[in-house]
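Trainee: The following file, my_file_20.csv, comprises CSV, C-alpha atoms:
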chain,number,residue,atom,x,y,z
A,1,MET,CA,107.0,138.8,49.3
A,2,THR,CA,110.2,136.9,50.0
A,3,LEU,CA,112.1,137.9,53.1
A,4,THR,CA,115.4,136.8,54.6
A,5,ARG,CA,114.9,137.1,58.4
A,6,ARG,CA,117.0,136.9,61.5
A,7,PRO,CA,115.3,135.5,64.6
A,8,LEU,CA,115.4,137.5,67.9
A,9,PRO,CA,117.2,137.8,70.2
A,10,THR,CA,120.3,138.6,68.3
A,11,ALA,CA,122.9,135.9,67.9
A,12,VAL,CA,126.1,137.3,66.4
A,13,ALA,CA,127.2,133.9,65.1
A,14,ALA,CA,123.9,133.1,63.5
A,15,VAL,CA,123.4,135.6,60.7
A,16,ALA,CA,120.6,135.1,58.2
A,17,LEU,CA,121.5,136.5,54.9
A,18,SER,CA,120.0,136.1,51.5
A,19,ALA,CA,120.9,132.9,49.8
A,20,THR,CA,123.6,134.6,47.7
A,21,LEU,CA,125.7,137.3,49.2
A,22,LEU,CA,126.5,140.0,46.6
A,23,THR,CA,129.9,140.7,45.4
A,24,SER,CA,131.6,143.9,46.7
A,25,CYS,CA,132.9,145.8,43.7
A,26,SER,CA,135.2,148.2,45.5
A,27,THR,CA,137.6,145.2,46.1
A,28,ASP,CA,138.8,142.3,44.0
A,29,SER,CA,136.0,140.2,42.6
A,30,GLY,CA,134.8,137.3,44.7
A,31,THR,CA,131.9,136.4,47.0
A,32,ALA,CA,131.3,138.9,49.8
A,33,GLU,CA,131.5,137.5,53.3
A,34,ALA,CA,128.8,138.4,55.8
A,35,THR,CA,130.3,141.1,57.9
A,36,THR,CA,129.0,141.5,61.5
A,37,THR,CA,130.1,144.0,64.0
A,38,ASP,CA,129.7,144.9,67.7
A,39,SER,CA,131.3,148.3,67.2
A,40,ALA,CA,129.9,151.6,65.9
A,41,THR,CA,130.2,151.0,62.2
A,42,PRO,CA,128.4,153.4,59.9
A,43,ARG,CA,126.5,151.6,57.2
A,44,LEU,CA,124.3,152.3,54.2
A,45,ALA,CA,121.2,150.6,52.9
A,46,LEU,CA,120.3,150.8,49.2
A,47,SER,CA,117.1,149.4,47.7
A,48,TYR,CA,117.0,147.7,44.3
A,49,ASP,CA,114.5,145.7,42.3
A,50,GLY,CA,114.4,142.6,44.4
A,51,GLY,CA,115.9,143.6,47.7
A,52,VAL,CA,118.2,145.8,49.8
A,53,LEU,CA,122.0,146.0,49.8
A,54,VAL,CA,123.9,146.8,52.9
A,55,LEU,CA,127.2,148.7,52.5
A,56,ASP,CA,130.0,149.7,54.8
A,57,ALA,CA,129.7,153.5,54.7
A,58,GLN,CA,133.4,154.1,54.8
A,59,SER,CA,134.8,151.4,52.4
A,60,LEU,CA,131.6,151.1,50.3
A,61,ASP,CA,132.0,147.3,50.4
A,62,VAL,CA,128.8,145.3,50.1
A,63,VAL,CA,128.6,143.5,53.5
A,64,GLY,CA,125.2,141.8,53.0
A,65,SER,CA,121.8,141.9,51.4
A,66,ALA,CA,118.2,140.9,52.0
A,67,GLU,CA,115.6,139.8,49.4
A,68,VAL,CA,112.4,141.8,49.3
A,69,ASP,CA,109.8,141.4,46.5
A,70,GLY,CA,108.2,144.5,45.1
A,71,PHE,CA,108.9,148.2,45.5
A,72,THR,CA,110.4,149.1,48.9
A,73,ARG,CA,111.1,152.3,50.7
A,74,LEU,CA,113.9,152.8,53.3
A,75,ASN,CA,114.1,154.9,56.5
A,76,PRO,CA,116.5,154.9,59.5
A,77,ALA,CA,114.7,153.3,62.4
A,78,GLY,CA,116.2,155.8,64.9
A,79,ASP,CA,118.6,153.6,66.9
A,80,ASP,CA,121.7,154.0,64.6
A,81,ARG,CA,121.6,150.3,63.8
A,82,HIS,CA,118.3,149.4,62.1
A,83,VAL,CA,116.6,150.5,58.9
A,84,LEU,CA,112.9,150.2,58.4
A,85,VAL,CA,112.0,148.6,55.1
A,86,SER,CA,108.5,149.6,53.9
A,87,THR,CA,106.9,146.9,51.9
A,88,GLY,CA,103.4,146.2,50.7
A,89,ASN,CA,102.1,145.3,54.2
A,90,SER,CA,104.6,146.3,56.9
A,91,PHE,CA,107.4,148.4,58.2
A,92,THR,CA,110.1,145.7,58.7
A,93,ALA,CA,113.4,146.3,60.6
A,94,LEU,CA,116.6,145.4,58.8
A,95,ASP,CA,119.6,144.9,61.0
A,96,THR,CA,122.6,146.6,59.3
A,97,ALA,CA,125.1,145.3,61.9
A,98,GLU,CA,124.3,141.7,61.1
A,99,PRO,CA,122.9,142.3,57.7
A,100,ALA,CA,119.4,140.7,57.5
A,101,LEU,CA,115.8,141.4,57.9
A,102,THR,CA,114.6,140.7,61.4
A,103,ASP,CA,111.3,139.4,62.8
A,104,VAL,CA,110.4,142.9,64.0
A,105,ALA,CA,107.6,144.0,61.7
A,106,PHE,CA,104.9,146.6,62.2
A,107,GLU,CA,101.9,145.5,60.1
A,108,ALA,CA,100.4,148.3,57.9
A,109,LYS,CA,97.8,148.4,55.2
A,110,THR,CA,99.7,151.1,53.4
A,111,PRO,CA,103.1,151.9,55.0
A,112,GLY,CA,103.7,155.7,54.7
A,113,HIS,CA,106.0,158.2,56.4
A,114,VAL,CA,108.5,157.4,59.1
A,115,VAL,CA,109.6,160.3,61.3
A,116,ARG,CA,112.4,160.3,64.0
A,117,HIS,CA,112.5,163.0,66.6
A,118,ASP,CA,113.6,163.4,70.3
A,119,GLY,CA,114.4,159.7,70.6
A,120,LYS,CA,111.0,158.5,69.3
A,121,THR,CA,110.1,157.0,65.9
A,122,VAL,CA,106.6,157.6,64.5
A,123,LEU,CA,105.0,155.4,61.8
A,124,PHE,CA,102.0,156.5,59.7
A,125,ASP,CA,99.8,154.0,58.0
A,126,ASP,CA,98.1,155.7,55.1
A,127,GLY,CA,95.6,152.9,54.7
A,128,THR,CA,94.1,153.1,58.2
A,129,GLY,CA,95.3,156.4,59.6
A,130,LEU,CA,97.0,154.5,62.4
A,131,VAL,CA,99.9,156.4,64.0
A,132,ARG,CA,102.3,154.4,66.1
A,133,VAL,CA,105.0,155.8,68.3
A,134,PHE,CA,107.9,153.8,69.9
A,135,ASP,CA,111.3,154.1,71.4
A,136,PRO,CA,113.7,152.5,68.9
A,137,ALA,CA,116.4,151.8,71.4
A,138,GLY,CA,115.1,148.3,72.1
A,139,LEU,CA,114.8,147.1,68.5
A,140,SER,CA,117.7,144.6,68.9
A,141,GLU,CA,115.7,142.9,71.7
A,142,GLY,CA,112.4,142.5,69.8
A,143,THR,CA,109.3,144.5,68.8
A,144,PRO,CA,109.1,147.5,71.1
A,145,ASP,CA,105.9,148.7,72.8
A,146,THR,CA,104.0,151.4,70.9
A,147,THR,CA,101.5,154.1,71.8
A,148,GLU,CA,98.8,154.5,69.1
A,149,PHE,CA,96.5,157.1,67.7
A,150,THR,CA,94.2,156.9,64.7
A,151,THR,CA,93.3,159.9,62.6
A,152,PRO,CA,89.6,160.5,62.0
A,153,GLU,CA,89.9,159.8,58.3
A,154,THR,CA,92.5,157.9,56.3
A,155,HIS,CA,94.9,159.8,54.1
A,156,HIS,CA,98.5,160.0,52.9
A,157,GLY,CA,99.8,161.7,56.0
A,158,VAL,CA,102.6,162.2,58.5
A,159,ALA,CA,102.9,162.6,62.3
A,160,VAL,CA,105.6,163.9,64.7
A,161,GLU,CA,105.7,163.4,68.5
A,162,LEU,CA,107.4,166.3,70.3
A,163,SER,CA,109.4,166.2,73.5
A,164,ASP,CA,106.4,167.2,75.7
A,165,GLY,CA,104.4,164.2,74.4
A,166,SER,CA,102.2,166.3,72.1
A,167,LEU,CA,101.5,164.9,68.7
A,168,LEU,CA,101.3,166.8,65.4
A,169,THR,CA,99.4,165.0,62.6
A,170,THR,CA,98.1,165.9,59.2
A,171,VAL,CA,94.4,166.4,58.5
A,172,GLY,CA,92.7,165.0,55.4
A,173,ASN,CA,90.9,162.1,53.7
A,174,GLU,CA,91.2,160.1,50.5
A,175,ASP,CA,90.0,163.1,48.5
A,176,GLU,CA,91.9,166.0,50.0
A,177,ARG,CA,94.5,166.9,52.6
A,178,THR,CA,93.9,170.3,54.3
A,179,GLY,CA,96.3,171.0,57.2
A,180,ILE,CA,97.5,169.9,60.6
A,181,VAL,CA,96.2,169.4,64.1
A,182,VAL,CA,98.3,169.3,67.3
A,183,LEU,CA,97.2,167.2,70.3
A,184,ASP,CA,98.5,167.3,73.8
A,185,ARG,CA,99.9,164.3,75.7
A,186,ASP,CA,96.3,163.2,76.5
A,187,ARG,CA,95.4,163.7,72.8
A,188,LYS,CA,93.2,166.7,73.3
A,189,GLU,CA,93.4,169.3,70.6
A,190,ILE,CA,95.5,172.4,71.3
A,191,ALA,CA,96.1,173.8,67.8
A,192,ARG,CA,94.7,173.4,64.3
A,193,ASN,CA,95.2,175.0,60.9
A,194,GLU,CA,93.5,173.8,57.7
A,195,ASP,CA,94.9,176.5,55.4
A,196,CYS,CA,97.3,174.0,53.8
A,197,PRO,CA,95.9,172.4,50.7
A,198,GLY,CA,97.7,169.2,49.7
A,199,VAL,CA,99.7,169.1,53.0
A,200,HIS,CA,102.7,166.8,52.5
A,201,GLY,CA,106.1,166.1,54.1
A,202,GLU,CA,107.6,167.4,57.3
A,203,ALA,CA,110.9,168.6,58.7
A,204,VAL,CA,112.1,169.8,62.2
A,205,ALA,CA,114.1,172.9,62.6
A,206,ALA,CA,115.8,174.6,65.5
A,207,GLY,CA,113.8,175.1,68.6
A,208,GLU,CA,111.7,172.0,68.0
A,209,THR,CA,109.9,173.8,65.1
A,210,VAL,CA,107.9,171.5,62.9
A,211,VAL,CA,107.3,172.5,59.3
A,212,VAL,CA,104.9,170.9,56.8
A,213,GLY,CA,104.5,171.8,53.1
A,214,CYS,CA,101.4,173.0,51.3
A,215,GLN,CA,100.4,173.7,47.7
A,216,ASN,CA,100.5,177.4,48.7
A,217,GLY,CA,103.3,177.6,51.2
A,218,LEU,CA,104.2,176.1,54.6
A,219,LEU,CA,102.8,175.7,58.0
A,220,ILE,CA,105.2,176.3,60.9
A,221,TYR,CA,104.4,175.0,64.4
A,222,ARG,CA,106.3,176.0,67.5
A,223,GLY,CA,105.3,176.4,71.1
A,224,GLY,CA,101.6,175.9,70.7
A,225,VAL,CA,101.3,178.3,67.7
A,226,ILE,CA,100.8,177.5,64.0
A,227,THR,CA,102.0,180.1,61.5
A,228,LYS,CA,101.2,180.1,57.8
A,229,VAL,CA,103.9,181.2,55.3
A,230,THR,CA,102.4,181.9,51.9
A,231,SER,CA,104.2,181.2,48.7
A,232,PRO,CA,104.9,184.1,46.3
A,233,ASP,CA,102.9,182.3,43.6
A,234,PRO,CA,99.2,181.4,43.8
A,235,TYR,CA,100.2,177.8,43.4
A,236,GLY,CA,103.6,177.4,45.0
A,237,ARG,CA,103.8,173.8,46.2
A,238,ILE,CA,106.5,172.8,48.8
A,239,GLY,CA,105.9,169.1,49.2
A,240,ASN,CA,109.3,167.9,50.3
A,241,GLN,CA,111.6,169.5,52.9
A,242,ALA,CA,115.0,168.9,54.4
A,243,GLY,CA,115.6,170.3,57.9
A,244,ASP,CA,118.4,170.6,60.4
A,245,GLU,CA,117.5,170.6,64.1
A,246,ASP,CA,120.4,173.0,64.8
A,247,SER,CA,119.3,175.5,62.1
A,248,PRO,CA,116.2,177.7,61.7
A,249,MET,CA,116.3,177.2,57.9
A,250,ILE,CA,114.2,174.7,56.0
A,251,LEU,CA,115.1,173.6,52.4
A,252,GLY,CA,112.1,172.7,50.2
A,253,ASP,CA,111.3,172.0,46.6
A,254,TYR,CA,109.1,174.5,44.8
A,255,LYS,CA,106.6,173.7,42.0
A,256,THR,CA,104.3,176.2,40.3
A,257,ASP,CA,102.3,174.3,37.6
A,258,PRO,CA,99.1,172.6,39.2
A,259,ASP,CA,98.3,170.9,35.9
A,260,ALA,CA,101.7,169.3,35.1
A,261,GLU,CA,101.9,165.5,35.2
A,262,LEU,CA,105.6,165.8,35.9
A,263,GLU,CA,107.0,169.3,36.7
A,264,ARG,CA,110.7,169.6,36.5
A,265,PRO,CA,111.3,172.7,38.7
A,266,GLU,CA,114.6,174.7,38.7
A,267,ARG,CA,114.0,176.7,41.8
A,268,VAL,CA,114.0,175.6,45.5
A,269,SER,CA,112.6,177.3,48.6
A,270,LEU,CA,114.6,178.3,51.6
A,271,THR,CA,112.5,179.3,54.6
A,272,ASP,CA,113.7,181.0,57.8
A,273,THR,CA,111.4,179.5,60.5
A,274,ALA,CA,112.3,182.2,63.0
A,275,THR,CA,111.1,185.1,60.8
A,276,GLY,CA,108.8,183.3,58.3
A,277,GLN,CA,110.7,184.7,55.4
A,278,LEU,CA,110.5,182.4,52.3
A,279,SER,CA,113.2,182.9,49.6
A,280,LEU,CA,113.4,181.2,46.2
A,281,VAL,CA,116.8,180.1,44.8
A,282,ASP,CA,117.3,179.6,41.1
A,283,LEU,CA,119.5,176.6,40.4
A,284,GLY,CA,119.6,176.7,36.6
A,285,THR,CA,118.9,173.0,36.6
A,286,SER,CA,116.0,170.7,37.6
A,287,TYR,CA,116.1,168.2,40.5
A,288,THR,CA,113.8,165.6,42.1
A,289,PHE,CA,112.3,164.8,45.5
A,290,ARG,CA,115.4,162.6,46.2
A,291,SER,CA,117.7,165.6,45.6
A,292,LEU,CA,117.5,167.5,48.9
A,293,GLY,CA,119.9,167.4,51.8
A,294,ARG,CA,121.7,169.4,54.5
A,295,ALA,CA,125.4,169.6,55.2
A,296,PRO,CA,126.8,169.5,58.7
A,297,HIS,CA,127.3,173.3,58.9
A,298,GLY,CA,123.8,174.1,57.8
A,299,GLU,CA,124.3,174.4,54.1
A,300,ALA,CA,121.5,173.3,51.8
A,301,LEU,CA,122.4,170.7,49.2
A,302,VAL,CA,120.5,170.0,46.0
A,303,LEU,CA,121.5,167.3,43.5
A,304,GLY,CA,120.7,168.6,40.0
A,305,THR,CA,120.0,166.8,36.8
A,306,ASP,CA,123.1,168.6,35.5
A,307,GLY,CA,125.0,166.0,37.6
A,308,ALA,CA,126.2,168.5,40.2
A,309,VAL,CA,125.5,169.0,43.8
A,310,HIS,CA,124.5,172.7,44.3
A,311,VAL,CA,125.5,174.1,47.7
A,312,ILE,CA,123.3,177.0,49.0
A,313,ASP,CA,124.6,179.3,51.7
A,314,PRO,CA,121.7,179.8,54.2
A,315,ASN,CA,122.9,183.3,55.0
A,316,THR,CA,123.1,184.7,51.5
A,317,LYS,CA,120.4,182.4,50.2
A,318,ALA,CA,122.4,181.8,47.0
A,319,VAL,CA,124.4,179.0,45.5
A,320,SER,CA,127.9,179.3,46.8
A,321,ARG,CA,129.6,176.4,45.0
A,322,THR,CA,128.8,173.3,42.9
A,323,VAL,CA,130.4,169.9,43.0
A,324,ASP,CA,130.3,167.9,39.8
A,325,VAL,CA,129.7,164.2,40.5
A,326,LEU,CA,127.6,162.6,37.8
A,327,ASP,CA,126.9,162.8,34.1
A,328,PRO,CA,123.7,164.8,33.3
A,329,TRP,CA,120.5,162.8,33.7
A,330,THR,CA,116.8,163.0,33.2
A,331,GLU,CA,114.1,162.4,35.8
A,332,PRO,CA,112.0,159.3,34.9
A,333,ASP,CA,108.3,159.7,34.5
A,334,LYS,CA,107.4,157.3,37.3
A,335,TRP,CA,108.3,158.4,40.8
A,336,GLN,CA,109.1,154.8,41.8
A,337,SER,CA,111.7,154.4,39.1
A,338,PRO,CA,115.4,154.6,40.0
A,339,ARG,CA,117.0,158.0,39.7
A,340,PRO,CA,120.1,159.6,41.3
A,341,ALA,CA,119.6,160.2,45.0
A,342,LEU,CA,121.4,162.3,47.6
A,343,TYR,CA,122.0,161.1,51.2
A,344,VAL,CA,124.1,162.9,53.9
A,345,GLN,CA,125.6,161.2,56.9
A,346,ASP,CA,127.9,163.1,59.1
A,347,HIS,CA,130.5,164.9,56.9
A,348,THR,CA,129.9,162.8,53.8
A,349,ALA,CA,127.3,163.1,51.0
A,350,TYR,CA,126.5,159.9,49.1
A,351,VAL,CA,125.2,160.1,45.6
A,352,THR,CA,123.8,157.1,43.8
A,353,ASP,CA,124.4,156.6,40.1
A,354,PRO,CA,121.8,154.1,38.7
A,355,ALA,CA,122.7,154.6,35.1
A,356,ASN,CA,126.2,153.2,35.8
A,357,LYS,CA,125.4,151.1,38.9
A,358,LYS,CA,127.8,153.1,41.1
A,359,ILE,CA,127.8,155.1,44.3
A,360,HIS,CA,129.9,158.3,44.8
A,361,THR,CA,131.0,160.1,48.0
A,362,ILE,CA,131.6,163.8,48.5
A,363,ASP,CA,133.7,165.2,51.4
A,364,LEU,CA,131.6,168.0,52.9
A,365,ASP,CA,134.6,169.7,54.5
A,366,THR,CA,136.7,169.9,51.4
A,367,TRP,CA,133.8,169.8,48.9
A,368,THR,CA,135.6,167.3,46.7
A,369,VAL,CA,134.5,163.9,45.3
A,370,SER,CA,136.3,161.5,47.7
A,371,GLY,CA,135.4,158.1,46.4
A,372,GLN,CA,133.2,155.8,44.4
A,373,ALA,CA,132.4,152.1,44.0
A,374,ASP,CA,130.6,149.8,41.6
A,375,LEU,CA,127.4,148.2,42.8
A,376,PRO,CA,126.1,144.7,41.8
A,377,GLU,CA,122.5,146.1,41.4
A,378,THR,CA,120.9,149.2,40.2
A,379,PRO,CA,120.3,151.4,43.3
A,380,ASN,CA,117.0,153.2,43.9
A,381,GLU,CA,116.5,154.6,47.5
A,382,ILE,CA,119.4,155.1,49.9
A,383,THR,CA,119.6,155.7,53.6
A,384,GLY,CA,122.0,154.9,56.4
A,385,VAL,CA,122.9,154.5,60.1
A,386,THR,CA,125.9,155.9,62.0
A,387,GLY,CA,126.4,152.7,64.0
Translate this structure into structure tokens?
Mentor:
Amino acid sequence: MTLTRRPLPTAVAAVALSATLLTSCSTDSGTAEATTTDSATPRLALSYDGGVLVLDAQSLDVVGSAEVDGFTRLNPAGDDRHVLVSTGNSFTALDTAEPALTDVAFEAKTPGHVVRHDGKTVLFDDGTGLVRVFDPAGLSEGTPDTTEFTTPETHHGVAVELSDGSLLTTVGNEDERTGIVVLDRDRKEIARNEDCPGVHGEAVAAGETVVVGCQNGLLIYRGGVITKVTSPDPYGRIGNQAGDEDSPMILGDYKTDPDAELERPERVSLTDTATGQLSLVDLGTSYTFRSLGRAPHGEALVLGTDGAVHVIDPNTKAVSRTVDVLDPWTEPDKWQSPRPALYVQDHTAYVTDPANKKIHTIDLDTWTVSGQADLPETPNEITGVTG
């Protein structure tokens, strides 16, 4: 793995970038200058084969890059400045204000899910079952202190720490995943439910309600109680969710074929965590796990393979409008392969266009395509920080 790193503590004048800064394609051609900032500047991070691009979220100019060998995943670190880059053996912090990888790295055998909630960031190592919780506010000063917990058995899992210090983690092993357990601040068990085959993903809804997906529905945890919501189909898998901590509604995918190597569903799930009502919404087009998002007023967003963003009204539980943004596309067979991805930050939706090496923006107040830019690399994953 080749990394371009910035030593700590931060020095604004000494910015370590990759050997060649990439050209910004939304301006005249030429070599991009390293752009540093002390102000609240929203930025985007886009992975590509060989590294990560950092863009100004408003102008879409490329302001820097970092070289990373191999497949990488991206998640906001939780401090509105850093992004965690998951590589083969660590979660490494990338500073988007001074675009470069830092020396802050959390070693992991198999880096998995990253969850942010109530000012804490939680890392899950699928290879060891190690859960690490830290306050991301000090990332600019160095590696923060962590509290740790190790699950009894290793598995592809996820964990969330709640405001009272309790910890929700998945239950499973390398052969099967069965449910969740909730531990109090002293890590004593207070709730458990293992009626959740294939448990995967998480989202937080209003009232600090945590939702995880199952192959036959959802588990909802709130205030010490776990509730099961059952899918209308015997196999109704909800493996990916998009939540809004100001809304009781959870958007999820929905798959019904347990034998499919690659199912291309055309329905999504919308679950009211206050009532436990699960509704299915027919889109008339397929989508992928990178297609789900939430708009600032609670609307559910789904990027379809028809090239449109489908807007679902959480009250009527129906598609209220569509915004055409891309040409129709086909989901690749391998989940690691680039495909269009949807990311929402404040009142803007960003849609990547790997086939044309572009990025597009949608104004979520006017529901219009508001901009686009060419990219020097083929984008894969996308995330961002508000600055």
Trainee: Would you list the contacts of stretch 318-333 of chain A as a ChimeraX atom specification, taking every protein, DNA or RNA residue within 10 Å and counting only C-alpha atoms, but skipping same-chain residues closer than 3 positions in sequence?
Mentor: /A:261-264,270,279-283,286-288,299-315,336-340,351-353,355-356,359-362,367-369,372
Trainee: Around (117.2, 156.9, 66.8), as given in the file, which residues come within 9 Å? Count all atoms listed in the file and list them as a list in words.
Mentor: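 Selection result: Pro76, Ala77, Gly78, Asp79, Asp80, Arg81, His82, Arg116, His117, Asp118, Gly119, Lys120, Thr121, Asp135, Pro136 and Ala137 of chain A.
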Trainee: Given only C-alpha atoms as the basis, pick out the residue of A:Pro99, A:Arg73, A:Asp145, A:Val344 nearest to A:Leu55.
Mentor: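 Nearest to A:Leu55: A:Pro99.
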Trainee: Give the answer as one residue: which of A:Pro248, A:Pro111, A:Pro354, A:Gly142 has the shortest atom-to-atom distance to A:Pro376, using only C-alpha atoms?
Mentor: A:Pro354
Trainee: To one decimal in Å, tell me the separation between atom CA of A:Thr256 and atom CA of A:Ile220.
Mentor: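 It comes out at 20.6 Å.
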Trainee: Neighbouring residues of A:Val210 were defined as those with any atom within 10 Å, considering only C-alpha atoms; residues of the same chain fewer than 4 positions away were excluded. Please report them as a list in words.
Mentor: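 After dropping sequence-adjacent residues, the list is Val160, Leu162, Leu168, Glu202, Ala203, Val204, Ala205, Ala206, Leu219, Ile220, Tyr221, Arg222, Gly223, Ile226, Gly243, Glu245, Ile250 and Thr273 of chain A.
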Trainee: Identify which of the residues A:Glu176, A:Asp233, A:Arg192, A:Lys358 lies closest to A:Pro379, counting all atoms listed in the file when measuring atom-to-atom distances.
Mentor: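 Checking each of A:Glu176, A:Asp233, A:Arg192, A:Lys358 against A:Pro379, counting all atoms listed in the file, the winner is A:Lys358.
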Trainee: For atom CA of A:Gly198 and atom CA of A:Ser231, quote the distance in Å rounded to one decimal.
Mentor: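 Those two atoms sit 13.7 Å apart.
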Trainee: Calculate how many Å separate atom CA of A:Gly201 from atom CA of A:Gly157, rounding to one decimal.
Mentor: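 Pair atom CA of A:Gly201 / atom CA of A:Gly157 returns 7.9 Å.
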Trainee: Using only C-alpha atoms, which of A:Asn193, A:Asp246, A:Val114, A:Asp69 sits nearest A:Glu161?
Mentor: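 Among the listed residues, A:Val114 lies closest to A:Glu161.
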Trainee: For A:Asn216, work out the shell of residues within 8 Å, counting all atoms listed in the file and skipping chain neighbours fewer than 4 positions away, then give it as a list in words.
Mentor: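 That gives Cys196, Pro197, Thr230, Ser231, Asp233, Pro234, Tyr235, Gly236, Arg237 and Ile238 of chain A.
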Trainee: Of the candidates A:Ser47, A:Gln215, A:Thr102, A:Thr271, which one gets nearest to A:Lys255 if we count all atoms listed in the file?
Mentor: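 Distance minimum relative to A:Lys255 lands on A:Gln215.
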Trainee: Counting all atoms listed in the file, which of A:Gly387, A:Pro296, A:Gly179, A:Gly224 gets nearest to A:Thr348?
Mentor: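 Using all atoms listed in the file, A:Thr348 sits closest to A:Pro296.
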Trainee: Please rebuild stretch 189-201 of chain A with N, CA, C and O atoms and return the result as a PDB file, in the frame of the given file.
Mentor:
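See out.pdb below for the written result:
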ATOM      1  N   GLU A 189      92.941 168.329  71.545  1.00  0.00           N
ATOM      2  CA  GLU A 189      93.400 169.300  70.600  1.00  0.00           C
ATOM      3  C   GLU A 189      93.847 170.595  71.201  1.00  0.00           C
ATOM      4  O   GLU A 189      93.146 171.169  72.034  1.00  0.00           O
ATOM      5  N   ILE A 190      95.034 171.087  70.771  1.00  0.00           N
ATOM      6  CA  ILE A 190      95.500 172.400  71.300  1.00  0.00           C
ATOM      7  C   ILE A 190      95.785 173.370  70.160  1.00  0.00           C
ATOM      8  O   ILE A 190      95.901 174.569  70.428  1.00  0.00           O
ATOM      9  N   ALA A 191      95.856 172.920  68.920  1.00  0.00           N
ATOM     10  CA  ALA A 191      96.100 173.800  67.800  1.00  0.00           C
ATOM     11  C   ALA A 191      95.629 173.151  66.508  1.00  0.00           C
ATOM     12  O   ALA A 191      95.738 171.922  66.374  1.00  0.00           O
ATOM     13  N   ARG A 192      95.155 173.973  65.556  1.00  0.00           N
ATOM     14  CA  ARG A 192      94.700 173.400  64.300  1.00  0.00           C
ATOM     15  C   ARG A 192      94.846 174.535  63.216  1.00  0.00           C
ATOM     16  O   ARG A 192      94.587 175.708  63.494  1.00  0.00           O
ATOM     17  N   ASN A 193      95.227 174.134  61.994  1.00  0.00           N
ATOM     18  CA  ASN A 193      95.200 175.000  60.900  1.00  0.00           C
ATOM     19  C   ASN A 193      94.946 174.217  59.609  1.00  0.00           C
ATOM     20  O   ASN A 193      95.681 173.270  59.316  1.00  0.00           O
ATOM     21  N   GLU A 194      93.881 174.570  58.897  1.00  0.00           N
ATOM     22  CA  GLU A 194      93.500 173.800  57.700  1.00  0.00           C
ATOM     23  C   GLU A 194      93.654 174.717  56.440  1.00  0.00           C
ATOM     24  O   GLU A 194      93.004 174.474  55.423  1.00  0.00           O
ATOM     25  N   ASP A 195      94.522 175.712  56.536  1.00  0.00           N
ATOM     26  CA  ASP A 195      94.900 176.500  55.400  1.00  0.00           C
ATOM     27  C   ASP A 195      96.121 175.984  54.725  1.00  0.00           C
ATOM     28  O   ASP A 195      97.127 176.668  54.576  1.00  0.00           O
ATOM     29  N   CYS A 196      96.072 174.700  54.383  1.00  0.00           N
ATOM     30  CA  CYS A 196      97.300 174.000  53.800  1.00  0.00           C
ATOM     31  C   CYS A 196      96.824 172.964  52.845  1.00  0.00           C
ATOM     32  O   CYS A 196      96.946 171.769  53.118  1.00  0.00           O
ATOM     33  N   PRO A 197      96.301 173.361  51.686  1.00  0.00           N
ATOM     34  CA  PRO A 197      95.900 172.400  50.700  1.00  0.00           C
ATOM     35  C   PRO A 197      97.000 171.464  50.266  1.00  0.00           C
ATOM     36  O   PRO A 197      98.127 171.916  50.058  1.00  0.00           O
ATOM     37  N   GLY A 198      96.710 170.170  50.149  1.00  0.00           N
ATOM     38  CA  GLY A 198      97.700 169.200  49.700  1.00  0.00           C
ATOM     39  C   GLY A 198      98.851 169.012  50.655  1.00  0.00           C
ATOM     40  O   GLY A 198      99.965 168.671  50.233  1.00  0.00           O
ATOM     41  N   VAL A 199      98.611 169.197  51.953  1.00  0.00           N
ATOM     42  CA  VAL A 199      99.700 169.100  53.000  1.00  0.00           C
ATOM     43  C   VAL A 199     100.500 167.829  52.727  1.00  0.00           C
ATOM     44  O   VAL A 199      99.969 166.738  52.509  1.00  0.00           O
ATOM     45  N   HIS A 200     101.833 167.987  52.761  1.00  0.00           N
ATOM     46  CA  HIS A 200     102.700 166.800  52.500  1.00  0.00           C
ATOM     47  C   HIS A 200     104.101 167.112  53.063  1.00  0.00           C
ATOM     48  O   HIS A 200     104.628 168.204  52.962  1.00  0.00           O
ATOM     49  N   GLY A 201     104.682 166.051  53.644  1.00  0.00           N
ATOM     50  CA  GLY A 201     106.100 166.100  54.100  1.00  0.00           C
ATOM     51  C   GLY A 201     106.197 166.850  55.434  1.00  0.00           C
ATOM     52  O   GLY A 201     105.256 167.500  55.907  1.00  0.00           O
TER      53      GLY A 201
END
